[in-house]
Amino acid sequence: MARVFISYKRDVTPDQDLAQALYKALKATHEVFIDTSMLVGEKWVERIDSKIRQSDYFIALLSPFSVNSEIAQTEIELAHRLQGQRGLPKLLPVRVAYHERLPPPLNGYLSPINWALWEGPEDTPRLLEQFAKVMSGAPLAATAPAASSSPRASAPPETTSSGFSPPLPSAPLELDETLEGAMDTQSAFYVVRDADATVSRAVSQKQGATVTIKGARQMGKSSLLMRGMAAALEAGKRVAYLSFQEFDTQTFSDPDLFFQRFCNSLSDQLELDNQVEAYWKKPIGSSQRCGQYMSGHVLRGLDAPLVLGLDEVETLFELPFGTDFFGMLRSWHNNRALPTTPVWKKLSIVLVTSTEPFLFIKNLTQSPFNVGQTVELGDFTPEQVAELNRRHGAPLGPKQEQELFALLGGHPYLIRKALYLVASRGLRVEDLFTQAAEDRGPFGDHLRHLLFRLGSQPQLKAGLREVLQRNACPDEGVFIRLRSAGLVKQEAASVLPRCELYRRYFRERLHVS
């Protein structure tokens, strides 16, 4: 009897219906966990963490809803990490009438894994047969597809001996701009802040610049980077963008492979001949080869200056070669001053991070984060919230605007989500406020994600309790990590929860009186 964990997006159709159908069918022969089977009063964070760790198979139902669910992403991330450490649980992705390319970071976790496709209830028996084969030890190696008369032309053609198929290529998923991911540079809902002008000026100037965009999670850092790169294009520059969330585990486990793929991506995006293999024959280190590739091939091969945007760079902080990579970027910054290599003046670098770099880069002379310009994003002001409400058709009155700001404190992501839900009539205004701190309320997915993250980091959980009880956090390292996670803020000598919503939710969930 195998132990099976089913991950899905709650309270949406068809995800929940399919999850329940799989649970009812599989529990006859296996030990199956689904979150609706938890008892009232159970500590759900500890329970879910424990069940994932104990499972042999992890079924991930992938839909437009779940791939953008913070808690579903967290569950998949844990299962992926455990599989890498000890081989279990085996991940079994199922695309639930979903044909789009996976967004990061899921693409990095699931790219090497075969998947099954479910289009409707008529596919459930076939899906259960596929699970039976896999759980009986059937291999997942891809085989040539059989001819099919199925009218579903959009379904990917390749299948495997167990009925699972290789995944689609990875690329950012296009979503409603008001809710998830970086916003379109022409979005009517983008709120311009002082940081926009700073970044645009830096990337548009003739000589190269180094800019660091800092801020907690979901502050709009990636959106600001995209607008900066749009400004660079308008100034006649070339641009290249890399998000390190999109790099897979294999790449992060091999420094030489990482630097090669970094260079490969530059060649592909800038439509340059790929000369990586030739440069990698040189008897020097990987970061030196990468530097020579940038100066000798990329910059010299372009007829315009280059702006290089690097997103989610905190992904590299704790990797063994992270110091080498950031030291390389620092040397590129310094090289602009060399009279012997004027080509480096063509390069601008924009770095985006949510974590304080000095916690990980001890040698300041090897850090690109303490040179150039640093832009730190803050929360929306009351005036900006009022303007965003107006752009959504003014679903909130002046008093309700004030209540929203008092609840969310200008949190960009939560403000946008609240206004979208109310403006789209997906939620009544009164329910927005009465259900705000509930697990199944409008922000429940976001709040459960944060609580789940805290569950695996007892030091941070203890630090947040200290903040909730005493408005203080004596451990500076813990404070910086909580602030980077977007959970707390500092006001004068006090450390406070980021917003009233967090105060309410975590006081109850962490049992703070």
# chains A, B, ... in the order shown; residues from 1 in each chain; ligands from 1

$ residues_around --residues "A:Pro104" --least-positions-apart "3" --cutoff "6 Å" --atoms "only C-alpha atoms" --output "PyMOL selection string"
chain A and resi 107+245-246

$ select_by_dssp --residues "stretch 1-140 of chain A" --states "strand (DSSP E)" --output "list in words"
Arg3, Val4, Phe5, Ile6, Ser7, Glu31, Val32, Phe33, Tyr57, Phe58, Ile59, Ala60, Leu61, Leu62, Lys90, Leu91, Leu92, Pro93, Val94, Arg95, Val96, Ala116, Leu117 and Trp118 of chain A

$ select_by_dssp --residues "stretch 252-488 of chain A" --states "helix (DSSP H, G or I)" --output "ChimeraX atom specification"
/A:252-253,255-270,276-279,286-301,313-316,322-335,342-346,357-359,364-366,382-391,398-408,412-423,429-434,444-455,458-470,476-484

$ atom_distance --atom1 "atom CA of A:Gly393" --atom2 "atom CA of A:Ser63"
29.3 Å

$ residues_around --residues "A:Glu500" --least-positions-apart "2" --cutoff "9 Å" --atoms "only C-alpha atoms" --output "VMD selection string"
chain A and resid 406 to 409 497 to 498 502 to 505

$ atom_distance --atom1 "atom CA of A:Arg425" --atom2 "atom CA of A:Asp379"
25.3 Å

$ residues_around --residues "stretch 220-237 of chain A" --least-positions-apart "6" --cutoff "6 Å" --atoms "only C-alpha atoms" --output "MDAnalysis selection string"
chainID A and resid 182:183 185 199:200 203:204 304:306

$ residues_around --residues "A:Gln469" --least-positions-apart "4" --cutoff "8 Å" --atoms "only C-alpha atoms" --output "list of chain:residue names"
A:Arg465, A:Val512, A:Ser513

$ residues_around --residues "A:Arg330" --least-positions-apart "5" --cutoff "7 Å" --atoms "only C-alpha atoms" --output "list in words"
Gln366, Ser367 and Pro368 of chain A

$ closest_residue --among "A:Ala485, A:Leu447, A:Leu310, A:Leu257" --to "A:Leu501" --atoms "only C-alpha atoms"
A:Leu447
